[in-house]
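Shown below: data_2.cif, with mmCIF, C-alpha atoms and all ligand atoms.
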```cif
data_entry
loop_
_atom_site.label_atom_id
_atom_site.label_comp_id
_atom_site.auth_asym_id
_atom_site.auth_seq_id
_atom_site.Cartn_x
_atom_site.Cartn_y
_atom_site.Cartn_z
CA MET A 1113 -74.74 197.82 58.04
CA ARG A 1114 -77.33 196.62 55.55
CA THR A 1115 -76.90 197.85 51.96
CA ILE A 1116 -79.88 198.06 49.59
CA GLU A 1117 -79.57 199.10 45.95
CA LEU A 1118 -82.55 200.84 44.37
CA THR A 1119 -83.36 201.70 40.79
CA TYR A 1120 -86.23 203.96 39.80
CA PRO A 1121 -88.97 202.81 39.31
CA HIS A 1122 -88.26 200.01 41.76
CA THR A 1123 -90.31 197.24 43.23
CA LEU A 1124 -89.30 197.04 46.85
CA GLY A 1125 -91.81 195.96 49.49
CA PHE A 1126 -91.69 199.28 51.32
CA GLU A 1127 -93.98 198.24 54.11
CA GLU A 1128 -91.19 196.02 55.41
CA LEU A 1129 -88.65 198.81 55.78
CA PRO A 1130 -88.15 200.10 59.32
CA GLU A 1131 -88.66 203.75 60.20
CA THR A 1132 -85.37 205.57 59.92
CA VAL A 1133 -83.60 208.87 60.39
CA CYS A 1134 -81.71 209.34 57.16
CA ALA A 1135 -78.84 211.53 55.90
CA ILE A 1136 -78.88 212.29 52.17
CA GLY A 1137 -76.17 213.27 49.68
CA PHE A 1138 -73.59 211.95 47.28
CA PHE A 1139 -70.96 211.96 50.05
CA ASP A 1140 -67.79 211.35 48.03
CA GLY A 1141 -64.96 211.24 50.57
CA ILE A 1142 -67.16 211.21 53.71
CA HIS A 1143 -65.27 214.40 54.64
CA SER A 1144 -65.68 216.42 57.86
CA GLY A 1145 -68.73 218.26 56.41
CA HIS A 1146 -70.38 214.98 55.42
CA GLN A 1147 -69.54 213.54 58.83
CA GLN A 1148 -71.56 216.30 60.55
CA VAL A 1149 -74.56 215.48 58.38
CA ILE A 1150 -74.27 211.73 58.95
CA GLN A 1151 -73.44 212.00 62.67
CA THR A 1152 -76.54 214.17 63.19
CA ALA A 1153 -78.68 211.47 61.58
CA VAL A 1154 -77.07 208.72 63.69
CA ASP A 1155 -77.57 210.73 66.93
CA GLU A 1156 -81.15 211.68 66.07
CA ALA A 1157 -81.93 208.02 65.26
CA LYS A 1158 -80.68 207.03 68.74
CA ASN A 1159 -82.90 209.76 70.30
CA LYS A 1160 -85.94 208.53 68.43
CA GLY A 1161 -85.18 204.84 68.96
CA MET A 1162 -85.06 204.29 65.17
CA GLU A 1163 -82.47 202.88 62.79
CA SER A 1164 -80.08 205.32 61.10
CA ALA A 1165 -79.73 205.37 57.34
CA VAL A 1166 -77.81 207.07 54.55
CA ILE A 1167 -79.05 207.62 51.01
CA THR A 1168 -76.34 207.93 48.43
CA PHE A 1169 -76.26 207.67 44.64
CA HIS A 1170 -74.22 205.74 42.09
CA PRO A 1171 -72.68 206.51 39.69
CA HIS A 1172 -71.82 210.18 40.09
CA PRO A 1173 -74.45 212.42 38.39
CA LEU A 1174 -71.76 213.72 36.01
CA VAL A 1175 -71.55 210.30 34.34
CA VAL A 1176 -75.21 210.65 33.37
CA LEU A 1177 -75.54 214.40 32.86
CA LYS A 1178 -72.26 215.27 31.14
CA LYS A 1179 -71.73 213.69 27.73
CA GLY A 1180 -68.36 212.02 27.28
CA THR A 1181 -67.78 211.31 30.98
CA GLU A 1182 -67.44 207.55 31.16
CA HIS A 1183 -66.61 207.32 34.81
CA VAL A 1184 -65.66 209.60 37.63
CA GLN A 1185 -62.77 209.00 39.96
CA TYR A 1186 -63.97 208.83 43.53
CA ILE A 1187 -62.14 209.93 46.67
CA THR A 1188 -63.97 207.03 48.30
CA PRO A 1189 -64.81 204.16 45.95
CA MET A 1190 -67.89 202.29 47.23
CA LYS A 1191 -65.90 199.84 49.39
CA GLU A 1192 -64.18 202.63 51.32
CA LYS A 1193 -67.42 204.65 51.52
CA GLN A 1194 -69.15 201.65 53.10
CA GLU A 1195 -66.31 201.12 55.57
CA LEU A 1196 -66.47 204.74 56.74
CA LEU A 1197 -70.27 204.67 57.08
CA GLN A 1198 -69.98 201.48 59.10
CA GLN A 1199 -67.48 203.22 61.42
CA LEU A 1200 -69.99 206.05 61.87
CA GLN A 1201 -72.48 203.39 63.04
CA VAL A 1202 -74.93 203.81 60.17
CA ASP A 1203 -77.42 200.92 60.19
CA ARG A 1204 -78.58 201.00 56.55
CA LEU A 1205 -77.26 202.28 53.28
CA TYR A 1206 -79.62 202.94 50.37
CA ILE A 1207 -77.73 203.28 47.08
CA ILE A 1208 -79.97 204.86 44.45
CA LYS A 1209 -78.91 204.27 40.88
CA PHE A 1210 -78.41 207.63 39.22
CA ASN A 1211 -79.77 207.41 35.66
CA GLN A 1212 -81.60 209.60 33.13
CA GLU A 1213 -85.02 208.75 34.59
CA LEU A 1214 -83.91 209.70 38.08
CA SER A 1215 -82.41 213.00 36.93
CA LYS A 1216 -85.78 213.99 35.44
CA LEU A 1217 -88.01 213.25 38.43
CA SER A 1218 -89.92 216.18 39.88
CA PRO A 1219 -88.93 217.02 43.46
CA GLN A 1220 -92.30 215.72 44.71
CA THR A 1221 -91.97 212.37 42.91
CA PHE A 1222 -88.44 212.00 44.26
CA ILE A 1223 -89.66 212.64 47.82
CA ASP A 1224 -92.70 210.38 47.42
CA HIS A 1225 -90.57 207.46 46.21
CA PHE A 1226 -87.36 207.78 48.10
CA ILE A 1227 -88.19 209.56 51.36
CA ILE A 1228 -91.81 208.83 52.19
CA GLY A 1229 -91.61 205.54 50.25
CA LEU A 1230 -88.56 204.34 52.19
CA ASN A 1231 -90.31 205.05 55.51
CA ILE A 1232 -87.90 207.85 56.45
CA LYS A 1233 -89.33 209.81 59.36
CA HIS A 1234 -86.60 212.41 59.70
CA LEU A 1235 -84.27 213.61 56.96
CA VAL A 1236 -80.88 215.30 57.45
CA GLY A 1237 -79.32 217.26 54.62
CA GLY A 1238 -76.62 219.88 54.25
CA PHE A 1239 -77.45 223.57 53.63
CA ASP A 1240 -76.83 223.17 49.86
CA TYR A 1241 -78.48 219.80 49.24
CA SER A 1242 -80.84 219.82 46.24
CA PHE A 1243 -82.96 217.14 44.56
CA GLY A 1244 -85.37 216.57 41.68
CA HIS A 1245 -85.09 217.78 38.09
CA LYS A 1246 -82.49 220.56 37.82
CA GLY A 1247 -82.22 220.61 41.61
CA GLN A 1248 -85.59 222.32 42.02
CA GLY A 1249 -86.10 220.88 45.49
CA ASN A 1250 -83.80 221.97 48.31
CA MET A 1251 -83.65 222.26 52.09
CA GLU A 1252 -85.27 225.73 51.98
CA ASN A 1253 -88.42 224.74 50.07
CA MET A 1254 -88.66 221.25 51.66
CA ASP A 1255 -91.96 222.11 53.44
CA GLU A 1256 -93.67 222.10 50.04
CA PHE A 1257 -92.85 218.41 49.59
CA THR A 1258 -93.06 216.64 52.97
CA ARG A 1259 -96.86 215.99 52.88
CA GLY A 1260 -96.59 216.16 56.66
CA GLN A 1261 -94.96 212.71 56.61
CA PHE A 1262 -91.48 213.52 57.90
CA SER A 1263 -89.48 216.22 59.64
CA TYR A 1264 -85.99 217.37 58.70
CA THR A 1265 -82.80 219.06 59.91
CA THR A 1266 -80.55 221.27 57.78
CA ILE A 1267 -76.85 221.29 58.65
CA ASP A 1268 -74.97 224.60 58.45
CA LYS A 1269 -71.94 225.01 56.23
CA VAL A 1270 -68.83 223.35 57.73
CA LEU A 1271 -65.80 225.49 56.93
CA SER A 1272 -62.04 225.30 56.97
CA ASN A 1273 -60.10 228.56 56.48
CA ASP A 1274 -63.42 230.33 55.76
CA GLU A 1275 -64.12 228.06 52.79
CA LYS A 1276 -66.64 225.24 52.52
CA ILE A 1277 -65.17 221.79 52.90
CA SER A 1278 -66.26 219.99 49.73
CA SER A 1279 -65.41 216.92 47.69
CA THR A 1280 -64.39 219.20 44.81
CA ARG A 1281 -61.92 221.09 47.01
CA ILE A 1282 -60.40 217.87 48.37
CA ARG A 1283 -60.07 216.41 44.86
CA LYS A 1284 -58.08 219.47 43.77
CA LEU A 1285 -55.78 219.22 46.80
CA LEU A 1286 -55.06 215.56 46.04
CA GLN A 1287 -54.32 216.32 42.41
CA SER A 1288 -51.82 219.00 43.50
CA GLY A 1289 -50.00 216.63 45.88
CA LEU A 1290 -51.36 218.33 49.01
CA VAL A 1291 -52.38 215.04 50.55
CA GLU A 1292 -51.86 216.12 54.16
CA GLU A 1293 -54.19 219.11 53.74
CA ALA A 1294 -56.70 216.87 51.92
CA ASN A 1295 -56.53 214.34 54.78
CA ARG A 1296 -57.12 217.15 57.29
CA LEU A 1297 -60.32 218.19 55.50
CA LEU A 1298 -61.35 214.56 55.08
CA GLY A 1299 -60.84 213.83 58.78
CA HIS A 1300 -59.22 210.50 57.77
CA PRO A 1301 -56.44 209.49 55.36
CA LEU A 1302 -57.14 208.94 51.65
CA LYS A 1303 -57.43 205.19 51.21
CA PHE A 1304 -58.18 202.79 48.37
CA SER A 1305 -57.48 199.21 47.49
CA GLY A 1306 -55.84 197.28 44.70
CA THR A 1307 -54.77 193.78 43.74
CA VAL A 1308 -51.07 192.90 43.56
CA ILE A 1309 -50.00 192.07 40.01
CA LYS A 1310 -46.66 191.26 38.37
CA GLY A 1311 -44.42 194.23 37.58
CA ALA A 1312 -41.16 194.28 35.59
CA GLN A 1313 -39.47 192.23 38.39
CA ARG A 1314 -36.80 194.93 38.62
CA GLY A 1315 -37.48 196.11 42.17
CA ARG A 1316 -35.89 193.07 43.78
CA GLU A 1317 -32.61 193.75 41.94
CA LEU A 1318 -32.67 197.32 43.21
CA GLY A 1319 -32.93 196.03 46.78
CA TYR A 1320 -36.46 197.42 47.03
CA PRO A 1321 -39.05 194.89 45.92
CA THR A 1322 -42.40 196.51 45.25
CA ALA A 1323 -45.97 195.24 45.15
CA ASN A 1324 -47.44 196.62 41.91
CA LEU A 1325 -51.12 197.33 42.21
CA GLU A 1326 -53.93 197.01 39.77
CA LEU A 1327 -56.45 199.58 40.90
CA HIS A 1328 -60.14 199.91 40.46
CA LYS A 1329 -60.59 202.41 37.60
CA GLU A 1330 -62.85 204.49 39.81
CA ALA A 1331 -60.21 205.29 42.48
CA LEU A 1332 -58.90 208.85 42.39
CA LEU A 1333 -55.10 208.78 42.32
CA PRO A 1334 -53.24 211.57 44.08
CA LYS A 1335 -50.61 213.48 42.05
CA PRO A 1336 -47.83 211.20 40.70
CA GLY A 1337 -44.75 211.04 42.94
CA ILE A 1338 -43.32 209.30 45.98
CA TYR A 1339 -45.43 208.98 49.16
CA ALA A 1340 -45.27 207.80 52.77
CA VAL A 1341 -48.06 205.23 53.03
CA CYS A 1342 -49.59 202.67 55.33
CA VAL A 1343 -50.58 199.34 53.86
CA ILE A 1344 -53.47 197.39 55.31
CA TYR A 1345 -53.30 193.68 54.61
CA LYS A 1346 -55.37 191.06 56.42
CA ASN A 1347 -56.24 193.56 59.18
CA GLU A 1348 -52.56 194.37 59.89
CA VAL A 1349 -51.14 197.84 59.25
CA TYR A 1350 -47.63 198.17 57.79
CA GLU A 1351 -45.60 201.29 57.01
CA GLY A 1352 -44.02 201.75 53.64
CA MET A 1353 -43.32 203.94 50.64
CA ALA A 1354 -45.21 204.14 47.40
CA SER A 1355 -44.47 205.45 43.97
CA ILE A 1356 -47.06 206.59 41.42
CA GLY A 1357 -45.43 207.13 38.06
CA THR A 1358 -43.85 205.76 34.92
CA ASN A 1359 -40.42 204.57 36.22
CA PRO A 1360 -38.66 207.03 33.83
CA THR A 1361 -35.20 205.76 34.82
CA PHE A 1362 -36.02 202.52 32.99
CA THR A 1363 -38.76 203.34 30.52
CA ALA A 1364 -39.09 206.15 28.01
CA ASP A 1365 -42.37 207.63 26.74
CA ARG A 1366 -44.58 205.50 28.93
CA LYS A 1367 -48.01 207.07 29.43
CA ASP A 1368 -49.84 204.80 31.88
CA LEU A 1369 -49.06 205.15 35.57
CA SER A 1370 -47.97 202.33 37.81
CA VAL A 1371 -48.73 202.33 41.51
CA GLU A 1372 -46.26 200.32 43.55
CA VAL A 1373 -45.46 200.00 47.19
CA ASN A 1374 -42.41 198.86 49.13
CA ILE A 1375 -43.58 197.62 52.54
CA PHE A 1376 -41.00 198.10 55.27
CA ASP A 1377 -39.73 194.95 56.99
CA TYR A 1378 -41.90 192.61 54.93
CA SER A 1379 -40.77 190.01 52.46
CA ASN A 1380 -43.56 187.50 51.74
CA ASP A 1381 -45.06 186.93 48.32
CA LEU A 1382 -48.19 189.07 47.79
CA TYR A 1383 -49.20 188.27 44.19
CA GLY A 1384 -52.97 188.16 43.81
CA GLU A 1385 -53.58 189.62 47.27
CA GLU A 1386 -55.68 192.70 47.93
CA LEU A 1387 -53.98 195.60 49.72
CA GLN A 1388 -55.46 198.84 50.98
CA ILE A 1389 -53.16 201.85 50.80
CA GLU A 1390 -53.48 204.88 53.06
CA TRP A 1391 -51.77 207.96 51.64
CA HIS A 1392 -50.12 210.08 54.34
CA ARG A 1393 -47.47 212.39 52.92
CA TYR A 1394 -46.18 213.51 49.54
CA ILE A 1395 -42.37 213.20 49.57
CA ARG A 1396 -41.08 214.19 46.12
CA GLU A 1397 -41.55 214.01 42.38
CA GLU A 1398 -40.45 210.97 40.41
CA VAL A 1399 -37.09 211.65 38.70
CA LYS A 1400 -35.31 210.17 35.68
CA PHE A 1401 -31.92 209.10 37.07
CA ASP A 1402 -28.81 208.42 34.94
CA SER A 1403 -28.21 205.06 36.55
CA ALA A 1404 -29.86 202.43 38.72
CA GLU A 1405 -27.25 203.21 41.39
CA ALA A 1406 -28.34 206.86 41.56
CA LEU A 1407 -31.97 205.75 41.91
CA ILE A 1408 -31.05 203.29 44.68
CA ALA A 1409 -29.22 206.06 46.59
CA GLN A 1410 -32.32 208.25 46.36
CA ILE A 1411 -34.67 205.46 47.47
CA GLU A 1412 -32.38 204.81 50.48
CA LEU A 1413 -32.81 208.46 51.39
CA ASP A 1414 -36.60 208.23 50.87
CA GLU A 1415 -36.72 205.26 53.22
CA LYS A 1416 -34.81 207.18 55.90
CA ASN A 1417 -37.09 210.23 55.57
CA ILE A 1418 -40.27 208.17 55.62
CA ARG A 1419 -39.22 206.05 58.61
CA ASN A 1420 -38.43 209.34 60.42
CA TYR A 1421 -41.82 210.75 59.45
CA PHE A 1422 -43.63 207.74 60.90
CA SER A 1423 -41.57 207.72 64.11
CA GLU A 1424 -42.34 211.40 64.84
C1 LIG B 1 -39.83 204.82 47.18
C2 LIG B 1 -39.67 204.67 45.69
C3 LIG B 1 -39.18 205.71 44.94
C4 LIG B 1 -39.03 205.61 43.56
N1 LIG B 1 -38.53 206.65 42.84
C5 LIG B 1 -38.34 206.54 41.51
C6 LIG B 1 -37.78 207.61 40.74
O1 LIG B 1 -37.55 208.72 41.24
N2 LIG B 1 -37.55 207.41 39.42
C7 LIG B 1 -37.82 206.21 38.80
O2 LIG B 1 -37.57 206.08 37.62
N3 LIG B 1 -38.41 205.20 39.49
C8 LIG B 1 -38.65 205.33 40.81
N4 LIG B 1 -39.20 204.29 41.52
C9 LIG B 1 -39.72 203.12 40.77
C10 LIG B 1 -38.67 202.12 40.44
O3 LIG B 1 -38.11 202.43 39.21
C11 LIG B 1 -39.39 200.79 40.39
O4 LIG B 1 -39.77 200.43 41.68
C12 LIG B 1 -38.51 199.71 39.80
O5 LIG B 1 -38.28 199.98 38.46
C13 LIG B 1 -39.13 198.34 39.96
O6 LIG B 1 -40.23 198.16 39.13
P1 LIG B 1 -41.06 196.79 39.17
O7 LIG B 1 -41.80 196.74 40.50
O8 LIG B 1 -42.01 196.91 38.02
O9 LIG B 1 -40.10 195.67 39.05
C14 LIG B 1 -39.39 204.39 42.90
C15 LIG B 1 -39.90 203.33 43.67
C16 LIG B 1 -40.06 203.46 45.04
C17 LIG B 1 -40.63 202.32 45.84
N1 LIG B 2 -69.05 221.62 54.21
C1 LIG B 2 -70.29 221.15 54.38
N2 LIG B 2 -71.03 221.60 55.42
C2 LIG B 2 -72.29 221.13 55.63
N3 LIG B 2 -72.90 220.24 54.83
C3 LIG B 2 -72.21 219.77 53.78
C4 LIG B 2 -70.88 220.21 53.50
N4 LIG B 2 -70.44 219.59 52.39
C5 LIG B 2 -71.46 218.80 51.98
N5 LIG B 2 -72.53 218.91 52.81
C6 LIG B 2 -73.80 218.18 52.72
O1 LIG B 2 -73.52 216.78 52.64
C7 LIG B 2 -74.37 216.14 51.70
C8 LIG B 2 -73.55 215.57 50.55
O2 LIG B 2 -73.03 216.65 49.81
P1 LIG B 2 -72.25 216.49 48.45
O3 LIG B 2 -72.03 215.06 48.18
O4 LIG B 2 -72.87 217.34 47.42
O5 LIG B 2 -70.85 217.05 48.94
P2 LIG B 2 -69.93 218.25 48.53
O6 LIG B 2 -68.75 218.00 49.40
O7 LIG B 2 -70.63 219.55 48.62
O8 LIG B 2 -69.56 217.86 47.03
P3 LIG B 2 -69.21 218.70 45.71
O9 LIG B 2 -67.89 219.33 45.94
O10 LIG B 2 -69.17 217.61 44.66
O11 LIG B 2 -70.33 219.68 45.54
C9 LIG B 2 -75.36 217.19 51.24
O12 LIG B 2 -76.50 217.10 52.07
C10 LIG B 2 -74.58 218.50 51.44
O13 LIG B 2 -75.41 219.60 51.58
#
```
Structure translated into structure tokens:
Amino acid sequence: MRTIELTYPHTLGFEELPETVCAIGFFDGIHSGHQQVIQTAVDEAKNKGMESAVITFHPHPLVVLKKGTEHVQYITPMKEKQELLQQLQVDRLYIIKFNQELSKLSPQTFIDHFIIGLNIKHLVGGFDYSFGHKGQGNMENMDEFTRGQFSYTTIDKVLSNDEKISSTRIRKLLQSGLVEEANRLLGHPLKFSGTVIKGAQRGRELGYPTANLELHKEALLPKPGIYAVCVIYKNEVYEGMASIGTNPTFTADRKDLSVEVNIFDYSNDLYGEELQIEWHRYIREEVKFDSAEALIAQIELDEKNIRNYFSE
């Protein structure tokens, strides 16, 4: 997949871009609703013998439109978004920088620059997609803006339990610890990456060494607690257990959260390595134990439960 970043007003040699069928949206999470939109574009591109494309934006519009929002936490940081789009066989990704200028473009200027200008011949958007200043353009009034240069398909609302599947809904599920339900709506497990850094070196003494992760600040963490996870390292998948929390048994009044993972049946040094963590099941809350022994007994139980979960 070829990725091209665009900033308005940009200076790309448009004439060189191939004709494409393109899906458009922010697409945080690439959830089952997004997948319908993107899959339709990929299929239609095959029918027309064109390349398939996706237009997305970065950063999230809230960072630009809502004062005081420095960054947004994404269900799929850009690396994971790109991986999922690649799996869906998207040929090109156009990332449009979302800034003040972009937010003020009229719908027609947006279409002229980013749809007609990018040589898109067929556009696919969801039923509630809107564009241009204050979202004045949408899939219903699209005919006013096409200049007869492209056709388009609107995708109906994809539902689960009679409610629209949306990034906002999935974010709330993750923040309430309902990771399995979130994964069901996503159509794939929540996944993000981090670099292994030094922790307090206590885990080894407990009999459960953990890889402590430094995360990208833009990754959305699920609710603090203990989880069954898969760890992807150098294209291998390992099972394990992760803890998101403050280690209250050993530290008082700590505010920042640590994310650490104990990989089953693995003992090599991982400092400095990049791991991807897939979050499968919320197991329990983190507890302040009276002694290290009581914590160890609980972690032994967690291991048993999580190994059972993966073998089922
Ligand atoms: C599966 C698992 C469960 C954990 N549960 C708790 C817990 O309930 N309470 C707690 O204080 N720490 C818990 N921890 C975190 C340990 O306190 C932490 O791994 C240990 O202090 C080692 O920290 P270090 O990696 O910084 O050396 C848990 C860790 C794992 C891997
Ligand atoms: N459940 C859905 N069914 C059909 N189309 C969808 C669905 N969810 C999103 N889309 C479409 O996918 C594209 C990306 O949408 P967007 O990124 O706004 O997602 P969202 O899940 O609705 O997010 P948010 O919760 O932030 O509004 C848009 O074209 C949108 O209309």
Write out as a tab-separated table (two decimals) with C-alpha atoms, keeping the file's coordinate frame the residues lying within 6 Å of stretch 1252-1263 of chain A, counting all atoms listed in the file and excluding same-chain residues fewer than 6 positions away.
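Output saved as out18.tsv:
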```tsv
chain	number	residue	atom	x	y	z
A	1220	GLN	CA	-92.30	215.72	44.71
A	1233	LYS	CA	-89.33	209.81	59.36
A	1234	HIS	CA	-86.60	212.41	59.70
```
Can you work out which residues are within 10 Å of ligand LIG 2 (chain B), considering only C-alpha atoms and all ligand atoms, and then hand them over as a PyMOL selection string?
chain A and resi 1135-1150+1167-1169+1172-1174+1235-1243+1250-1251+1266-1272+1275-1283+1297-1298
What are the nearest atom pairs, with distances in Å to one decimal, for all residues of chain A that come at most 9 Å from ligand LIG 1 (chain B), using only C-alpha atoms and all ligand atoms, set out by chain and rising residue number as a tab-separated table?
```
residue	atom	partner	partner_atom	distance
A:Lys1310	CA	B:LIG1	O8	7.3
A:Gly1311	CA	B:LIG1	O8	3.6
A:Ala1312	CA	B:LIG1	O8	3.7
A:Gln1313	CA	B:LIG1	O9	3.6
A:Arg1314	CA	B:LIG1	O9	3.4
A:Gly1315	CA	B:LIG1	C13	3.5
A:Arg1316	CA	B:LIG1	O9	6.8
A:Glu1317	CA	B:LIG1	C13	8.2
A:Leu1318	CA	B:LIG1	C12	7.2
A:Tyr1320	CA	B:LIG1	C17	6.5
A:Pro1321	CA	B:LIG1	O7	6.4
A:Thr1322	CA	B:LIG1	O7	4.8
A:Ala1323	CA	B:LIG1	O7	6.4
A:Asn1324	CA	B:LIG1	O7	5.8
A:Gly1337	CA	B:LIG1	N1	7.6
A:Ile1338	CA	B:LIG1	C3	5.6
A:Tyr1339	CA	B:LIG1	C1	7.3
A:Ala1340	CA	B:LIG1	C1	8.3
A:Gly1352	CA	B:LIG1	C1	8.3
A:Met1353	CA	B:LIG1	C1	5.0
A:Ala1354	CA	B:LIG1	C17	5.2
A:Ser1355	CA	B:LIG1	C16	5.0
A:Ile1356	CA	B:LIG1	C14	8.1
A:Gly1357	CA	B:LIG1	N3	7.4
A:Thr1358	CA	B:LIG1	O2	6.8
A:Asn1359	CA	B:LIG1	O2	3.5
A:Pro1360	CA	B:LIG1	O2	4.1
A:Thr1361	CA	B:LIG1	O2	3.7
A:Phe1362	CA	B:LIG1	O2	6.0
A:Thr1363	CA	B:LIG1	O2	7.7
A:Ser1370	CA	B:LIG1	O8	8.1
A:Val1371	CA	B:LIG1	O7	9.0
A:Glu1372	CA	B:LIG1	C17	6.4
A:Val1373	CA	B:LIG1	C17	5.5
A:Asn1374	CA	B:LIG1	C17	5.1
A:Ile1375	CA	B:LIG1	C17	8.7
A:Arg1396	CA	B:LIG1	O1	8.1
A:Glu1397	CA	B:LIG1	O1	6.7
A:Glu1398	CA	B:LIG1	O1	3.8
A:Val1399	CA	B:LIG1	O1	3.9
A:Lys1400	CA	B:LIG1	O2	5.1
A:Phe1401	CA	B:LIG1	N2	6.3
A:Ala1404	CA	B:LIG1	O3	8.3
A:Leu1407	CA	B:LIG1	C6	6.2
A:Ile1408	CA	B:LIG1	C4	8.4
A:Gln1410	CA	B:LIG1	N1	7.3
A:Ile1411	CA	B:LIG1	C3	5.2
A:Glu1412	CA	B:LIG1	C1	8.1
A:Leu1413	CA	B:LIG1	C1	9.0
A:Asp1414	CA	B:LIG1	C1	6.0
A:Glu1415	CA	B:LIG1	C1	6.8
```
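Atom to atom, atom CA of A:Lys1303 and atom CA of A:Ile1187 stand 8.1 Å apart.
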Could you tell me how far atom CA of A:Arg1393 lies from atom CA of A:Gln1151, in Å and to one decimal?
27.7 Å
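When atom CA of A:Leu1286 is paired with atom CA of A:Val1341, their separation reads 14.3 Å.
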Might you pull out every residue within 9 Å of A:Phe1210, with all atoms listed in the file counted and same-chain residues fewer than 4 positions away left off, and present them as number ranges by chain?
A: 1119-1120, 1169-1173, 1175-1176, 1214-1215
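You can rank A:Ser1164, A:Phe1304, A:Asn1211, A:Ile1223 by their closest distance to A:Tyr1186 using all atoms listed in the file, and at the top of that list sits A:Phe1304.
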